[in-house]
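Have a look at my_file36.cif; it's mmCIF, C-alpha atoms:
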data_entry
loop_
_atom_site.label_atom_id
_atom_site.label_comp_id
_atom_site.auth_asym_id
_atom_site.auth_seq_id
_atom_site.Cartn_x
_atom_site.Cartn_y
_atom_site.Cartn_z
CA MET A 1 -14.98 27.38 17.60
CA ILE A 2 -15.47 23.87 16.21
CA VAL A 3 -11.74 23.09 16.43
CA PRO A 4 -10.86 21.83 19.95
CA ASP A 5 -8.07 23.52 21.92
CA VAL A 6 -5.74 20.50 21.76
CA VAL A 7 -5.12 21.10 18.05
CA SER A 8 -2.02 23.25 17.67
CA PRO A 9 -2.44 26.62 15.87
CA VAL A 10 0.10 25.56 13.22
CA VAL A 11 -2.17 22.68 12.14
CA VAL A 12 -5.19 24.99 12.06
CA ALA A 13 -3.26 27.55 9.99
CA LEU A 14 -2.14 24.90 7.48
CA TYR A 15 -5.62 23.38 7.09
CA THR A 16 -6.89 25.55 4.20
CA PRO A 17 -3.71 25.39 2.05
CA ALA A 18 -3.55 21.62 2.53
CA ILE A 19 -7.18 21.16 1.43
CA ILE A 20 -6.60 23.40 -1.60
CA VAL A 21 -3.47 21.43 -2.59
CA GLY A 22 -5.44 18.19 -2.17
CA ILE A 23 -8.25 19.44 -4.42
CA ILE A 24 -5.78 20.63 -7.09
CA ALA A 25 -3.84 17.34 -7.03
CA GLY A 26 -7.06 15.32 -7.20
CA LEU A 27 -8.37 17.39 -10.10
CA ILE A 28 -5.14 16.96 -12.06
CA GLY A 29 -5.23 13.21 -11.47
CA LEU A 30 -8.91 12.91 -12.44
CA LEU A 31 -8.36 15.02 -15.59
CA GLY A 32 -5.55 12.67 -16.54
CA ILE A 33 -7.85 9.67 -15.98
CA ALA A 34 -10.58 11.30 -18.08
CA VAL A 35 -8.25 11.96 -21.01
CA GLU A 36 -6.32 8.68 -20.95
CA LYS A 37 -7.60 5.68 -22.94
CA ASN A 38 -5.29 2.84 -21.92
CA ASP A 39 -6.37 0.79 -18.86
CA LEU A 40 -2.87 0.35 -17.44
CA GLN A 41 -2.14 4.09 -17.65
CA ILE A 42 -5.42 4.79 -15.84
CA LEU A 43 -4.40 2.34 -13.11
CA ILE A 44 -1.11 4.22 -12.63
CA LEU A 45 -2.94 7.56 -12.51
CA THR A 46 -5.21 6.17 -9.76
CA ASP A 47 -2.16 6.48 -7.52
CA LEU A 48 -2.35 10.29 -7.85
CA VAL A 49 -5.96 10.37 -6.67
CA GLY A 50 -4.87 8.23 -3.71
CA ILE A 51 -2.19 10.82 -2.86
CA SER A 52 -4.69 13.67 -2.94
CA MET A 53 -6.96 11.64 -0.64
CA MET A 54 -4.02 11.23 1.75
CA ILE A 55 -3.48 15.01 1.81
CA PHE A 56 -7.09 15.47 2.92
CA VAL A 57 -6.49 12.97 5.72
CA CYS A 58 -3.25 14.74 6.69
CA ALA A 59 -4.91 18.13 6.90
CA VAL A 60 -6.84 16.88 9.95
CA GLY A 61 -3.53 16.70 11.85
CA THR A 62 -3.15 15.21 15.38
CA ASP A 63 -3.55 11.50 16.12
CA LEU A 64 -6.74 11.28 14.10
CA ALA A 65 -4.70 11.61 10.89
CA GLU A 66 -2.31 8.87 12.05
CA SER A 67 -5.17 6.45 12.57
CA LEU A 68 -7.09 7.41 9.40
CA VAL A 69 -4.01 6.99 7.19
CA LEU A 70 -4.02 3.21 7.76
CA PRO A 71 -7.44 2.25 6.29
CA GLY A 72 -6.97 4.68 3.38
CA LEU A 73 -3.64 3.16 2.40
CA VAL A 74 -4.82 -0.42 2.84
CA VAL A 75 -7.88 0.19 0.68
CA GLU A 76 -5.80 1.89 -2.01
CA LEU A 77 -3.24 -0.92 -2.00
CA ALA A 78 -5.89 -3.64 -2.20
CA GLU A 79 -7.68 -1.79 -4.99
CA ILE A 80 -4.55 -1.37 -7.12
CA LEU A 81 -3.58 -5.01 -6.48
CA ALA A 82 -7.01 -6.31 -7.48
CA ILE A 83 -7.34 -4.16 -10.61
CA SER A 84 -3.83 -5.04 -11.79
CA GLU A 85 -4.69 -8.75 -11.36
CA VAL A 86 -7.90 -8.24 -13.36
CA LEU A 87 -5.97 -6.52 -16.17
CA MET A 88 -3.37 -9.28 -16.27
CA SER A 89 -5.83 -12.18 -16.21
CA ARG A 90 -7.87 -10.51 -18.96
CA GLU A 91 -4.75 -10.27 -21.09
CA ILE A 92 -3.92 -13.95 -20.38
CA ARG A 93 -7.46 -14.92 -21.43
CA ARG A 94 -7.15 -12.84 -24.58
CA ASN A 95 -3.93 -14.11 -26.08
CA GLY A 96 -3.34 -17.25 -23.99
CA LYS A 97 0.35 -16.63 -23.39
CA GLU A 98 2.04 -17.99 -20.24
CA VAL A 99 4.18 -15.51 -18.30
CA ALA A 100 6.04 -16.02 -15.02
CA LEU A 101 4.03 -15.00 -11.93
CA ILE A 102 6.71 -12.55 -10.89
CA PRO A 103 8.93 -11.63 -13.83
CA LEU A 104 12.53 -11.35 -12.70
CA PRO A 105 15.60 -10.50 -14.75
CA MET A 106 17.57 -13.40 -13.25
CA HIS A 107 17.22 -17.08 -12.62
CA MET A 108 15.96 -17.44 -9.04
CA ASP A 109 16.77 -21.10 -8.49
CA MET A 110 19.59 -20.44 -6.03
CA GLU A 111 21.03 -22.48 -3.18
CA ILE A 112 20.40 -19.70 -0.63
CA LEU A 113 16.65 -19.84 -1.28
CA ASP A 114 16.69 -23.40 0.03
CA THR A 115 18.55 -22.72 3.25
CA SER A 116 17.91 -19.14 4.40
CA PRO A 117 14.14 -18.43 4.04
CA VAL A 118 13.19 -20.19 7.27
CA VAL A 119 15.63 -18.19 9.41
CA ILE A 120 14.84 -14.85 7.76
CA ALA A 121 11.09 -15.46 7.89
CA ILE A 122 11.19 -16.46 11.59
CA LEU A 123 13.29 -13.39 12.43
CA LEU A 124 10.93 -11.04 10.59
CA ILE A 125 7.82 -12.62 12.12
CA ALA A 126 9.33 -12.41 15.63
CA VAL A 127 10.17 -8.72 15.18
CA GLY A 128 6.70 -8.08 13.76
CA ALA A 129 4.98 -9.89 16.64
CA PHE A 130 6.94 -7.76 19.10
CA GLU A 131 5.90 -4.55 17.34
CA SER A 132 2.27 -5.66 16.76
CA GLY A 133 -0.21 -3.36 15.05
CA PHE A 134 0.05 -2.36 11.41
CA THR A 135 3.82 -1.83 11.25
CA GLY A 136 4.53 -5.21 12.83
CA GLY A 137 2.03 -6.78 10.46
CA ALA A 138 3.82 -5.29 7.48
CA VAL A 139 7.18 -6.62 8.72
CA ALA A 140 5.81 -10.10 9.43
CA GLY A 141 3.94 -10.07 6.12
CA GLY A 142 7.23 -9.31 4.37
CA GLY A 143 8.70 -12.36 6.10
CA ILE A 144 5.82 -14.65 5.05
CA LEU A 145 5.83 -13.28 1.51
CA PHE A 146 9.59 -13.81 1.23
CA TYR A 147 9.27 -17.38 2.47
CA VAL A 148 6.39 -18.20 0.13
CA LEU A 149 7.99 -16.59 -2.91
CA SER A 150 11.25 -18.42 -2.39
CA ARG A 151 9.21 -21.65 -2.16
CA THR A 152 7.29 -20.71 -5.34
CA MET A 153 10.25 -21.71 -7.44
CA ARG A 154 9.58 -25.30 -6.34
CA GLY A 155 5.80 -25.14 -5.98
CA VAL A 156 3.53 -24.11 -3.08
CA PRO A 157 0.97 -26.52 -1.63
CA SER A 158 -2.30 -25.00 -2.82
CA GLY A 159 -4.14 -25.86 0.43
CA MET A 160 -1.84 -23.46 2.28
CA TRP A 161 -3.43 -20.42 0.65
CA GLU A 162 -6.90 -21.39 1.82
CA GLY A 163 -5.56 -21.68 5.38
CA ILE A 164 -3.91 -18.26 5.21
CA ALA A 165 -7.08 -16.65 3.85
CA GLY A 166 -9.16 -18.27 6.63
CA ALA A 167 -6.82 -17.12 9.41
CA SER A 168 -6.88 -13.64 7.87
CA GLY A 169 -10.68 -13.54 8.05
CA ILE A 170 -10.75 -14.76 11.68
CA SER A 171 -8.22 -12.10 12.74
CA TRP A 172 -10.34 -9.46 11.03
CA CYS A 173 -13.21 -10.59 13.29
CA LEU A 174 -10.87 -10.26 16.33
CA TRP A 175 -10.16 -6.69 15.31
CA LEU A 176 -13.87 -5.91 15.02
CA ALA A 177 -14.55 -7.58 18.38
CA GLY A 178 -11.80 -5.42 19.91
CA PHE A 179 -13.50 -2.29 18.66
CA MET A 180 -16.87 -3.47 19.92
CA VAL A 181 -15.38 -4.02 23.40
CA PHE A 182 -13.95 -0.47 23.31
CA PHE A 183 -17.45 0.98 22.98
CA VAL A 184 -19.56 -1.51 24.94
CA PHE A 185 -17.24 -2.26 27.90
CA PRO A 186 -14.77 0.66 28.12
CA GLN A 187 -13.41 -0.68 31.43
CA TYR A 188 -11.80 -3.62 29.58
CA TRP A 189 -9.81 -1.27 27.32
CA LEU A 190 -6.56 -3.22 27.70
CA LEU A 191 -8.19 -6.42 26.40
CA ALA A 192 -9.75 -4.44 23.54
CA LEU A 193 -6.41 -2.83 22.71
CA PHE A 194 -4.68 -6.20 22.49
CA LEU A 195 -7.51 -7.76 20.47
CA ALA A 196 -7.39 -4.89 17.98
CA ALA A 197 -3.59 -4.72 17.82
CA PHE A 198 -3.04 -8.43 17.25
CA GLY A 199 -6.08 -8.77 14.98
CA VAL A 200 -4.67 -6.09 12.72
CA PHE A 201 -1.19 -7.65 13.04
CA ILE A 202 -2.35 -11.05 11.78
CA LYS A 203 -4.62 -9.47 9.17
CA VAL A 204 -1.89 -7.32 7.65
CA ALA A 205 0.67 -10.12 7.89
CA PHE A 206 -1.64 -12.45 5.95
CA LYS A 207 -2.33 -9.89 3.24
CA ALA A 208 0.04 -12.21 1.40
CA GLY A 209 -2.98 -14.49 1.22
CA LEU A 210 -4.67 -11.92 -1.00
CA ILE A 211 -1.93 -12.27 -3.58
CA GLY A 212 -1.96 -16.03 -3.08
CA VAL A 213 -5.71 -16.56 -3.54
CA ILE A 214 -5.73 -14.52 -6.73
CA GLY A 215 -2.64 -16.20 -8.13
CA ARG A 216 -3.65 -19.69 -6.96
CA GLU A 217 -4.32 -21.03 -10.42
CA GLU A 218 -0.99 -19.79 -11.69
CA PHE A 219 1.21 -21.37 -9.04
CA LYS A 220 2.78 -24.69 -9.68
CA LYS A 221 0.76 -27.28 -7.76
CA GLU A 222 2.68 -29.70 -5.63
CA MET B 1 8.05 28.89 12.44
CA LEU B 2 9.64 29.59 9.08
CA GLU B 3 11.09 26.06 8.85
CA VAL B 4 7.71 24.37 9.29
CA TYR B 5 6.13 26.41 6.53
CA ILE B 6 9.10 25.87 4.20
CA TRP B 7 8.77 22.08 4.48
CA PHE B 8 5.01 22.21 4.10
CA TYR B 9 5.02 24.38 0.98
CA ALA B 10 7.94 22.46 -0.55
CA GLY B 11 5.82 19.33 -0.12
CA CYS B 12 2.79 21.03 -1.69
CA ALA B 13 4.86 22.23 -4.67
CA LEU B 14 6.31 18.73 -5.15
CA VAL B 15 2.82 17.17 -5.04
CA ILE B 16 1.34 19.56 -7.62
CA LEU B 17 4.38 19.56 -9.94
CA GLY B 18 4.65 15.79 -9.64
CA CYS B 19 0.97 15.34 -10.50
CA ILE B 20 1.32 17.56 -13.58
CA GLY B 21 4.50 15.71 -14.52
CA THR B 22 2.78 12.35 -14.18
CA VAL B 23 -0.20 13.39 -16.31
CA ILE B 24 1.43 15.39 -19.13
CA GLY B 25 5.16 15.11 -18.48
CA PRO B 26 7.68 14.14 -21.17
CA GLY B 27 7.72 10.47 -22.12
CA VAL B 28 4.73 9.41 -20.02
CA LYS B 29 3.41 7.22 -22.83
CA ASP B 30 5.89 4.69 -21.45
CA PRO B 31 4.13 3.21 -18.38
CA ILE B 32 7.42 2.67 -16.53
CA VAL B 33 8.27 6.37 -16.82
CA ARG B 34 4.78 7.21 -15.57
CA THR B 35 5.09 4.82 -12.62
CA LEU B 36 8.43 6.34 -11.62
CA ASN B 37 6.95 9.83 -11.97
CA THR B 38 4.36 9.01 -9.31
CA GLU B 39 7.26 8.86 -6.84
CA VAL B 40 7.64 12.67 -6.99
CA PRO B 41 4.21 13.45 -5.47
CA ALA B 42 4.87 10.60 -3.02
CA VAL B 43 7.99 12.41 -1.76
CA GLY B 44 5.99 15.64 -1.48
CA MET B 45 3.35 13.75 0.47
CA SER B 46 6.04 12.43 2.85
CA MET B 47 7.21 16.03 3.44
CA ILE B 48 3.65 17.08 4.32
CA LEU B 49 3.39 14.13 6.73
CA LEU B 50 6.71 15.18 8.29
CA THR B 51 5.40 18.71 8.81
CA TYR B 52 2.40 17.37 10.70
CA ASN B 53 4.76 15.20 12.81
CA ASP B 54 2.90 11.98 11.91
CA THR B 55 5.75 9.49 12.32
CA ILE B 56 3.69 6.29 12.27
CA ALA B 57 1.67 7.57 9.33
CA LEU B 58 4.91 8.34 7.47
CA LEU B 59 6.25 4.82 8.13
CA THR B 60 2.98 3.28 6.95
CA TYR B 61 2.95 5.51 3.90
CA ILE B 62 6.52 4.62 2.90
CA ALA B 63 5.77 0.89 3.24
CA ALA B 64 2.56 1.21 1.21
CA THR B 65 4.25 3.31 -1.50
CA VAL B 66 6.96 0.71 -1.95
CA LEU B 67 4.32 -2.04 -2.23
CA ILE B 68 2.20 -0.03 -4.69
CA THR B 69 5.22 0.71 -6.89
CA MET B 70 6.17 -2.98 -6.85
CA VAL B 71 2.63 -4.05 -7.79
CA LEU B 72 2.45 -1.49 -10.62
CA LEU B 73 5.89 -2.39 -12.01
CA ARG B 74 4.99 -6.10 -11.87
CA ALA B 75 1.77 -5.40 -13.80
CA VAL B 76 3.65 -3.33 -16.39
CA VAL B 77 6.37 -5.93 -16.92
CA ARG B 78 3.93 -8.85 -17.10
CA LEU B 79 1.62 -7.07 -19.54
CA GLU B 80 4.61 -6.11 -21.66
CA GLU B 81 5.84 -9.70 -21.75
CA MET B 82 2.38 -10.84 -22.82
CA GLY B 83 2.63 -8.44 -25.74
CA ALA B 84 -0.31 -6.25 -24.73
CA GLU B 85 -0.47 -2.83 -26.35
CA LEU B 86 0.52 -0.22 -23.75
#

Full structure transcribed into structure tokens:
Amino acid sequence: MIVPDVVSPVVVALYTPAIIVGIIAGLIGLLGIAVEKNDLQILILTDLVGISMMIFVCAVGTDLAESLVLPGLVVELAEILAISEVLMSREIRRNGKEVALIPLPMHMDMEILDTSPVVIAILLIAVGAFESGFTGGAVAGGGILFYVLSRTMRGVPSGMWEGIAGASGISWCLWLAGFMVFFVFPQYWLLALFLAAFGVFIKVAFKAGLIGVIGREEFKKE
Amino acid sequence: MLEVYIWFYAGCALVILGCIGTVIGPGVKDPIVRTLNTEVPAVGMSMILLTYNDTIALLTYIAATVLITMVLLRAVVRLEEMGAEL
């Protein structure tokens, strides 16, 4: 048998139905993409193909699925983010109309955005640093994004985005180095674990930089 | 055993019905309706993840789904304000 004994029989029994459901969902999504003409609608339908991909990953079960979910989701998120930015900047080019970076139904120039962001951001980053890994990165990234967006109302220093993007790249290298250490020097696994965990933590936290670098031209310069 | 299979097949049904609803459901010409429809297969997907007992994966998935929905809604609203044909 190819399947090792550690995989529970329930997971093995559910493998075929899960793959079939994934194929059906993917086919429906791809048919929708093939029929649809509008770019924005196609972008929304891409989400369905992402879900079918996730079902394939799930069908593996065990810890392997838990670790494979992360890159799949990050790639899907980055792809949707990038394509939506391309669509929007193309539309700006085409009819030259200025629209707010983040359209909100209310006026965001509130007193609380001056006083609270620092505290909330520090709290979120501290919690995220304690958790480390992807989840902690997401929490800390939420903190950074909240801080930056509340500053946006008054203008963000444009040099800050370059710094965030640079730190993000360096932490990605840390993550890679951690994985290299896992394979080359397995006896230093604790060091490798921490390199990988905190590399991914900083990387995910600074995903905000991705939004920032794309939207750099549109922010108010200080 | 029965419970596990019930959750799994409920998730599968939600994923397939949600996909059909997103592609040819009523009112999907409106991109906001279509974006909200993608939440149905997302819930089905969460049920499948629950069946496999992947807690961390479920947390990651919920966070990513929220972000994806926010990005899509932002794109829809901005494009609509620019007066693009949707």

- Quick one: residues within 8 Å of Leu49 of chain B, only C-alpha atoms counted, chain neighbours fewer than 6 positions away excluded, as a list in words? Cys58 of chain A; Thr55, Ala57 and Leu58 of chain B

Those residues with C-alpha atoms, as a tab-separated table (two decimals), in the frame of the given file please?
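Final output, result.tsv:
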chain	number	residue	atom	x	y	z
A	58	CYS	CA	-3.25	14.74	6.69
B	55	THR	CA	5.75	9.49	12.32
B	57	ALA	CA	1.67	7.57	9.33
B	58	LEU	CA	4.91	8.34	7.47

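Between Phe198 of chain A and the candidates A:Leu27, A:Val184, A:Ala129, A:Leu145, the tightest atom-to-atom separation, counting only C-alpha atoms, involves A:Ala129.
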
- Mind listing as a ChimeraX atom specification which residues of chain B are within 6 Å of chain A, counting only C-alpha atoms? /B:16,23,57,75

- Item | Distance in Å - atom CA of Leu176 of chain A versus atom CA of Val3 of chain A | 29.1 Å

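The nearest approach to Gly142 of chain A among the residues B:Leu72, B:Cys12, B:Leu17, B:Ala63, with all atoms listed in the file taken into account, belongs to B:Ala63.
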
- Task: Using atom CA of Ala196 of chain A and atom CA of Ala177 of chain A as the two end points, give the distance in Å to one decimal.
- Result: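 Separation between atom CA of Ala196 of chain A and atom CA of Ala177 of chain A: 7.7 Å.
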
- Task: Rounded to one decimal place, report the atom CA of Phe183 of chain A-atom CA of Gly133 of chain A distance in Å.
- Result: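 About the pair atom CA of Phe183 of chain A and atom CA of Gly133 of chain A: they are 19.5 Å apart.
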
- Given the file shown, determine the residues that the PyMOL selection byres ((chain B and resi 35-48) around 6) selects; report them as an MDAnalysis selection string. chainID B and resid 8 11 14:15 18 22 32:34 49:51

Centre and edge lengths, as lines of an AutoDock Vina configuration file, for the axis-aligned box enclosing every listed atom of segment 47-57 of chain A with 5 Å of padding on each of the six sides, in Å to one decimal?
center_x = -4.6
center_y = 11.0
center_z = -1.1
size_x = 14.9
size_y = 19.0
size_z = 23.6

- Task: To verify the selection step, state as a list in words which residues the PyMOL selection byres ((chain A and resi 168) around 9) yields on this input.
- Result: Gly163, Ile164, Ala165, Gly166, Ala167, Gly169, Ile170, Ser171, Trp172, Cys173, Gly199, Ile202, Lys203, Val204, Ala205, Phe206, Lys207 and Gly209 of chain A

Do a neighbour search on Ala126 of chain A at 10 Å with only C-alpha atoms, toss out local chain neighbours closer than 6 positions, and write the hits as a PDB file with C-alpha atoms, keeping the file's coordinate frame.
ATOM      1  CA  ILE A 120      14.840 -14.850   7.760  1.00  0.00           C
ATOM      2  CA  SER A 132       2.270  -5.660  16.760  1.00  0.00           C
ATOM      3  CA  GLY A 136       4.530  -5.210  12.830  1.00  0.00           C
ATOM      4  CA  VAL A 139       7.180  -6.620   8.720  1.00  0.00           C
ATOM      5  CA  ALA A 140       5.810 -10.100   9.430  1.00  0.00           C
ATOM      6  CA  GLY A 143       8.700 -12.360   6.100  1.00  0.00           C
TER       7      GLY A 143
END

- Message: Residues near segment 190-194 of chain A, anyone? I mean within 9 Å using only C-alpha atoms, not counting same-chain ones fewer than 5 positions away, as a PyMOL selection string.
- Response: chain A and resi 175+177-182+185+199

- Care to translate the PyMOL selection byres ((chain A and resi 121) around 8) into actual residues of this file, as a list in words? Pro117, Val118, Val119, Ile120, Ile122, Leu123, Leu124, Ile125, Ala140, Gly143, Ile144, Phe146 and Tyr147 of chain A

Where atoms are lacking, segment 35-57 of chain B completed to N, CA, C and O atoms, as a compact mmCIF listing (two decimals), in the coordinates of the input:
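Output contents, as saved in rebuild_39.txt:
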# COMPACT_ATOMS: atom_id res chain seq x y z
N THR B 35 5.06 5.38 -13.98
CA THR B 35 5.09 4.82 -12.62
C THR B 35 6.17 5.48 -11.78
O THR B 35 5.96 5.81 -10.61
N LEU B 36 7.35 5.70 -12.39
CA LEU B 36 8.43 6.34 -11.62
C LEU B 36 8.09 7.79 -11.33
O LEU B 36 8.47 8.32 -10.29
N ASN B 37 7.34 8.45 -12.23
CA ASN B 37 6.95 9.83 -11.97
C ASN B 37 6.03 9.95 -10.76
O ASN B 37 6.04 10.99 -10.10
N THR B 38 5.25 8.91 -10.47
CA THR B 38 4.36 9.01 -9.31
C THR B 38 5.15 9.08 -8.01
O THR B 38 4.59 9.41 -6.97
N GLU B 39 6.46 8.77 -8.05
CA GLU B 39 7.26 8.86 -6.84
C GLU B 39 7.45 10.30 -6.40
O GLU B 39 7.65 10.57 -5.22
N VAL B 40 7.40 11.26 -7.36
CA VAL B 40 7.64 12.67 -6.99
C VAL B 40 6.53 13.19 -6.07
O VAL B 40 6.83 13.71 -4.98
N PRO B 41 5.23 13.05 -6.44
CA PRO B 41 4.21 13.45 -5.47
C PRO B 41 4.27 12.64 -4.18
O PRO B 41 3.90 13.16 -3.12
N ALA B 42 4.76 11.40 -4.25
CA ALA B 42 4.87 10.60 -3.02
C ALA B 42 5.88 11.23 -2.07
O ALA B 42 5.65 11.27 -0.85
N VAL B 43 6.99 11.74 -2.62
CA VAL B 43 7.99 12.41 -1.76
C VAL B 43 7.39 13.69 -1.17
O VAL B 43 7.58 13.99 0.02
N GLY B 44 6.64 14.44 -1.99
CA GLY B 44 5.99 15.64 -1.48
C GLY B 44 5.04 15.32 -0.35
O GLY B 44 4.99 16.00 0.68
N MET B 45 4.30 14.21 -0.55
CA MET B 45 3.35 13.75 0.47
C MET B 45 4.08 13.41 1.77
O MET B 45 3.62 13.76 2.86
N SER B 46 5.26 12.76 1.65
CA SER B 46 6.04 12.43 2.85
C SER B 46 6.46 13.69 3.58
O SER B 46 6.46 13.74 4.82
N MET B 47 6.81 14.76 2.80
CA MET B 47 7.21 16.03 3.44
C MET B 47 6.03 16.63 4.22
O MET B 47 6.20 17.15 5.32
N ILE B 48 4.82 16.55 3.62
CA ILE B 48 3.65 17.08 4.32
C ILE B 48 3.42 16.30 5.61
O ILE B 48 3.15 16.87 6.67
N LEU B 49 3.57 14.96 5.53
CA LEU B 49 3.39 14.13 6.73
C LEU B 49 4.43 14.50 7.79
O LEU B 49 4.13 14.53 8.97
N LEU B 50 5.67 14.79 7.35
CA LEU B 50 6.71 15.18 8.29
C LEU B 50 6.35 16.48 8.98
O LEU B 50 6.57 16.65 10.17
N THR B 51 5.79 17.43 8.21
CA THR B 51 5.40 18.71 8.81
C THR B 51 4.40 18.51 9.92
O THR B 51 4.48 19.14 10.98
N TYR B 52 3.43 17.61 9.69
CA TYR B 52 2.40 17.37 10.70
C TYR B 52 2.90 16.47 11.82
O TYR B 52 2.14 16.14 12.72
N ASN B 53 4.17 16.00 11.74
CA ASN B 53 4.76 15.20 12.81
C ASN B 53 4.07 13.84 12.96
O ASN B 53 3.96 13.31 14.05
N ASP B 54 3.58 13.28 11.87
CA ASP B 54 2.90 11.98 11.91
C ASP B 54 3.90 10.87 11.59
O ASP B 54 3.97 10.41 10.46
N THR B 55 4.67 10.44 12.61
CA THR B 55 5.75 9.49 12.32
C THR B 55 5.21 8.14 11.86
O THR B 55 5.67 7.59 10.86
N ILE B 56 4.22 7.61 12.60
CA ILE B 56 3.69 6.29 12.27
C ILE B 56 3.04 6.33 10.89
O ILE B 56 3.20 5.41 10.08
N ALA B 57 2.32 7.43 10.64
CA ALA B 57 1.67 7.57 9.33
C ALA B 57 2.72 7.59 8.23
O ALA B 57 2.54 6.99 7.17
